[in-house]
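Peer 1: Before anything else, here's the structure in question.
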Amino acid sequence: MAPTFYPAQIPTAAGQKIGPDLARSWLLTNAAHPDRFAEAEDSAADVVVLDIEDAVAPKDKVAAREAAVEWMTSGHTAWVRMNGYATKYWEDDVEALAAALPSAVGGPVAEGGLAGVILAMVESTDHVNETARRLPGIPVIALVETARGLQRIDSIAAAKGTYRLAFGIGDFRRDTGMGDGPMALAYARSQFTIASRATGLPGAIDGPTVGTTGVKLAEAAAVTSEFGMTGKLCLVPEQTATVNEGLSPSSEDVAWAHEFLTEFEEAGGEIRNGSDLPRLSRANKILALAKAYNVQWRKASDPAPAPSDTYHY
């Protein structure tokens with residue numbers, strides 16, 4: 001029995017290497033520093049997000065907005081984290097971003113252009129729906145960052161304009177006084193996952209891990225995955241590869257999926273007990289994601305890599 005694959009994501013353009021429904025690493029890049037755009041685009045990030053919100057001081061908002069639009073109207077593709085609906089900047093943001101709409105959605109940009117927006121400080125369905133109305137054809141990710149937003153997360157997830165949910169950890173902690181440990185944020189993360197699943201949205205995007213790479217970042221990505229979230233905001237290009245690995249099926253997962261499907265087919269391909277159906281679903285999902293993320297699988301019968309006398313850290 002051939003596995004049933006989820007829609008395969010074909011790289012669309014630099015700046016959006018994986019479709020937004022499956023994207024793992026979302027690299028926030030300060031739009032007040034356009035000299036960083038090319039590095040972000042060349043990184044391992046699934047999606048590059050030009051940030052004209054929290055990363056930008058009020059005095060630099062106009063310049064950052066203009067730099068983002070100029071980048072997207074010169075052949076590049078990117079997402080934009082825009083200012084919240086309740087701020088004085090939102091109106092100027094949507095007016096400027098309308099100039100970067102791609103021709104595929106009726107906009108003026110022939111190549112590249114605005115791929116989507118992350119809307120900050122979402123606390124109401126109106127915030128999302130009005131943004132989506134002003135930027136037709138552009139997916140809107142609702143960044144929920146406050147207690148009020150979390151309290152309304154079910155309706156926000158169900159809003160017509162919501163494409164995916166994202167967790168703004170920093171502002172949420174500032175609003176609630178909570179710590180940053182997995183236990184402290186367990187309830188909040190669970191609500192994102194449950195609301196996304198209940199409304200048929202792609203998996204939620206977790207907040208960033210500040211100032212870490214390597215082992216600590218891998219541990220943070222494991223927490224993201226443990227809570228059923230499938231994406232994570234990144235703050236520097238160096239974080240993206242670790243996040244991608246942490247949110248992809250492991251080689252052990254892929255090996256298990258192949259072994260289960262082989263055994264299932266050899267047994268006749270019929271459901272035999274109550275555990276077969278969930279295991280079949282899990283195996284198919286793992287292989288679908290492995291294909292989308294180009295996760296390589298080596299069979300047990302394949303020759304092992306040649307030994308080396310060099311110690312690899």
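Simple scheme: letters A, B, ... for chains in structure tokens order, numbers from 1 for residues in each chain, numbers from 1 for ligands in the order shown.
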Taking 6 positions as the minimum chain separation for residues in the same chain, which residues sit within 7 Å of stretch 234-251 of chain A when counting only C-alpha atoms? Answer as number ranges by chain.
Peer 2: A: 24-28, 40, 43-45, 208, 213, 218, 221-222, 225, 286, 289-290, 297
Peer 1: Go ahead and write the residues just picked, N, CA, C and O atoms, as an mmCIF file, in the first residue's frame.
Peer 2:
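Generated output (selection09.cif):
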data_model
loop_
_atom_site.group_PDB
_atom_site.id
_atom_site.type_symbol
_atom_site.label_atom_id
_atom_site.label_comp_id
_atom_site.auth_asym_id
_atom_site.auth_seq_id
_atom_site.Cartn_x
_atom_site.Cartn_y
_atom_site.Cartn_z
ATOM 1 N N ARG A 24 8.876 25.318 8.803
ATOM 2 C CA ARG A 24 9.354 25.097 10.175
ATOM 3 C C ARG A 24 10.015 26.352 10.742
ATOM 4 O O ARG A 24 9.615 26.859 11.783
ATOM 5 N N SER A 25 11.034 26.853 10.078
ATOM 6 C CA SER A 25 11.799 27.997 10.579
ATOM 7 C C SER A 25 11.326 29.283 9.912
ATOM 8 O O SER A 25 11.334 29.404 8.691
ATOM 9 N N TRP A 26 10.916 30.247 10.730
ATOM 10 C CA TRP A 26 10.430 31.550 10.269
ATOM 11 C C TRP A 26 11.405 32.599 10.782
ATOM 12 O O TRP A 26 11.377 32.959 11.964
ATOM 13 N N LEU A 27 12.282 33.073 9.910
ATOM 14 C CA LEU A 27 13.384 33.953 10.316
ATOM 15 C C LEU A 27 12.962 35.417 10.304
ATOM 16 O O LEU A 27 12.742 36.005 9.248
ATOM 17 N N LEU A 28 12.864 36.008 11.495
ATOM 18 C CA LEU A 28 12.556 37.428 11.620
ATOM 19 C C LEU A 28 13.810 38.243 11.324
ATOM 20 O O LEU A 28 14.858 38.027 11.942
ATOM 21 N N ALA A 40 19.671 36.662 5.046
ATOM 22 C CA ALA A 40 18.480 35.925 5.487
ATOM 23 C C ALA A 40 17.950 35.040 4.360
ATOM 24 O O ALA A 40 17.596 33.876 4.566
ATOM 25 N N SER A 43 19.960 31.922 3.908
ATOM 26 C CA SER A 43 20.048 31.040 5.067
ATOM 27 C C SER A 43 19.215 29.785 4.854
ATOM 28 O O SER A 43 18.548 29.619 3.833
ATOM 29 N N ALA A 44 19.213 28.918 5.866
ATOM 30 C CA ALA A 44 18.422 27.689 5.802
ATOM 31 C C ALA A 44 16.956 27.915 6.143
ATOM 32 O O ALA A 44 16.181 26.957 6.174
ATOM 33 N N ALA A 45 16.561 29.154 6.392
ATOM 34 C CA ALA A 45 15.181 29.437 6.802
ATOM 35 C C ALA A 45 14.177 28.975 5.756
ATOM 36 O O ALA A 45 14.341 29.237 4.568
ATOM 37 N N PRO A 208 10.097 32.495 19.527
ATOM 38 C CA PRO A 208 11.545 32.313 19.382
ATOM 39 C C PRO A 208 12.221 31.985 20.697
ATOM 40 O O PRO A 208 11.677 32.209 21.774
ATOM 41 N N THR A 213 21.839 28.982 20.512
ATOM 42 C CA THR A 213 22.035 28.097 19.359
ATOM 43 C C THR A 213 22.490 26.761 19.922
ATOM 44 O O THR A 213 22.540 26.570 21.131
ATOM 45 N N ALA A 218 18.302 23.242 20.296
ATOM 46 C CA ALA A 218 17.750 21.929 19.944
ATOM 47 C C ALA A 218 16.769 21.462 21.009
ATOM 48 O O ALA A 218 15.716 20.898 20.699
ATOM 49 N N ALA A 221 13.581 23.434 20.524
ATOM 50 C CA ALA A 221 12.820 22.920 19.382
ATOM 51 C C ALA A 221 12.125 21.616 19.744
ATOM 52 O O ALA A 221 11.013 21.343 19.265
ATOM 53 N N ALA A 222 12.754 20.812 20.598
ATOM 54 C CA ALA A 222 12.130 19.573 21.049
ATOM 55 C C ALA A 222 10.882 19.860 21.876
ATOM 56 O O ALA A 222 9.882 19.143 21.788
ATOM 57 N N SER A 225 8.107 20.750 19.447
ATOM 58 C CA SER A 225 7.564 19.543 18.840
ATOM 59 C C SER A 225 6.728 18.752 19.829
ATOM 60 O O SER A 225 5.676 18.204 19.479
ATOM 61 N N ILE A 286 4.473 10.848 8.609
ATOM 62 C CA ILE A 286 5.933 10.943 8.705
ATOM 63 C C ILE A 286 6.573 10.923 7.326
ATOM 64 O O ILE A 286 7.457 11.736 7.014
ATOM 65 N N LEU A 289 5.930 14.194 5.390
ATOM 66 C CA LEU A 289 6.793 15.279 5.844
ATOM 67 C C LEU A 289 8.246 15.035 5.438
ATOM 68 O O LEU A 289 8.956 15.972 5.058
ATOM 69 N N ALA A 290 8.689 13.798 5.518
ATOM 70 C CA ALA A 290 10.059 13.482 5.108
ATOM 71 C C ALA A 290 10.281 13.841 3.640
ATOM 72 O O ALA A 290 11.337 14.364 3.264
ATOM 73 N N TRP A 297 16.659 8.777 3.992
ATOM 74 C CA TRP A 297 16.508 7.551 4.776
ATOM 75 C C TRP A 297 17.464 6.511 4.254
ATOM 76 O O TRP A 297 17.544 6.268 3.050
#
Peer 1: Let's see if you can do this: from backbone DSSP, list all alpha helix (DSSP H) residues in stretch 46-220 of chain A, as a PyMOL selection string.
Peer 2: chain A and resi 61-72+90-97+125-134+147-151+153-158+169-176+186-198+214-220
Peer 1: Give me the residues within 12 Å of A:Arg279 as a PyMOL selection string, counting only C-alpha atoms and dropping any in the same chain fewer than 3 places off.
Peer 2: chain A and resi 253+256-261+263-264+271-276+282-286
Peer 1: Which of these, A:Ala292, A:Ala100, A:Ala14, A:Val49, has the shortest distance to A:Trp79 once you count only C-alpha atoms?
Peer 2: A:Val49
Peer 1: How would you write, as a VMD selection string, the set of residues in stretch 65-232 of chain A that DSSP gives as strand (DSSP E or B)?
Peer 2: chain A and resid 77 to 82 102 109 113 to 119 140 to 144 162 to 167 205 to 206 231 to 232
Peer 1: Smallest atom-to-atom distance to A:Arg197: which of A:Gly179, A:Val210, A:Ala157, A:Phe167, using only C-alpha atoms?
Peer 2: A:Ala157
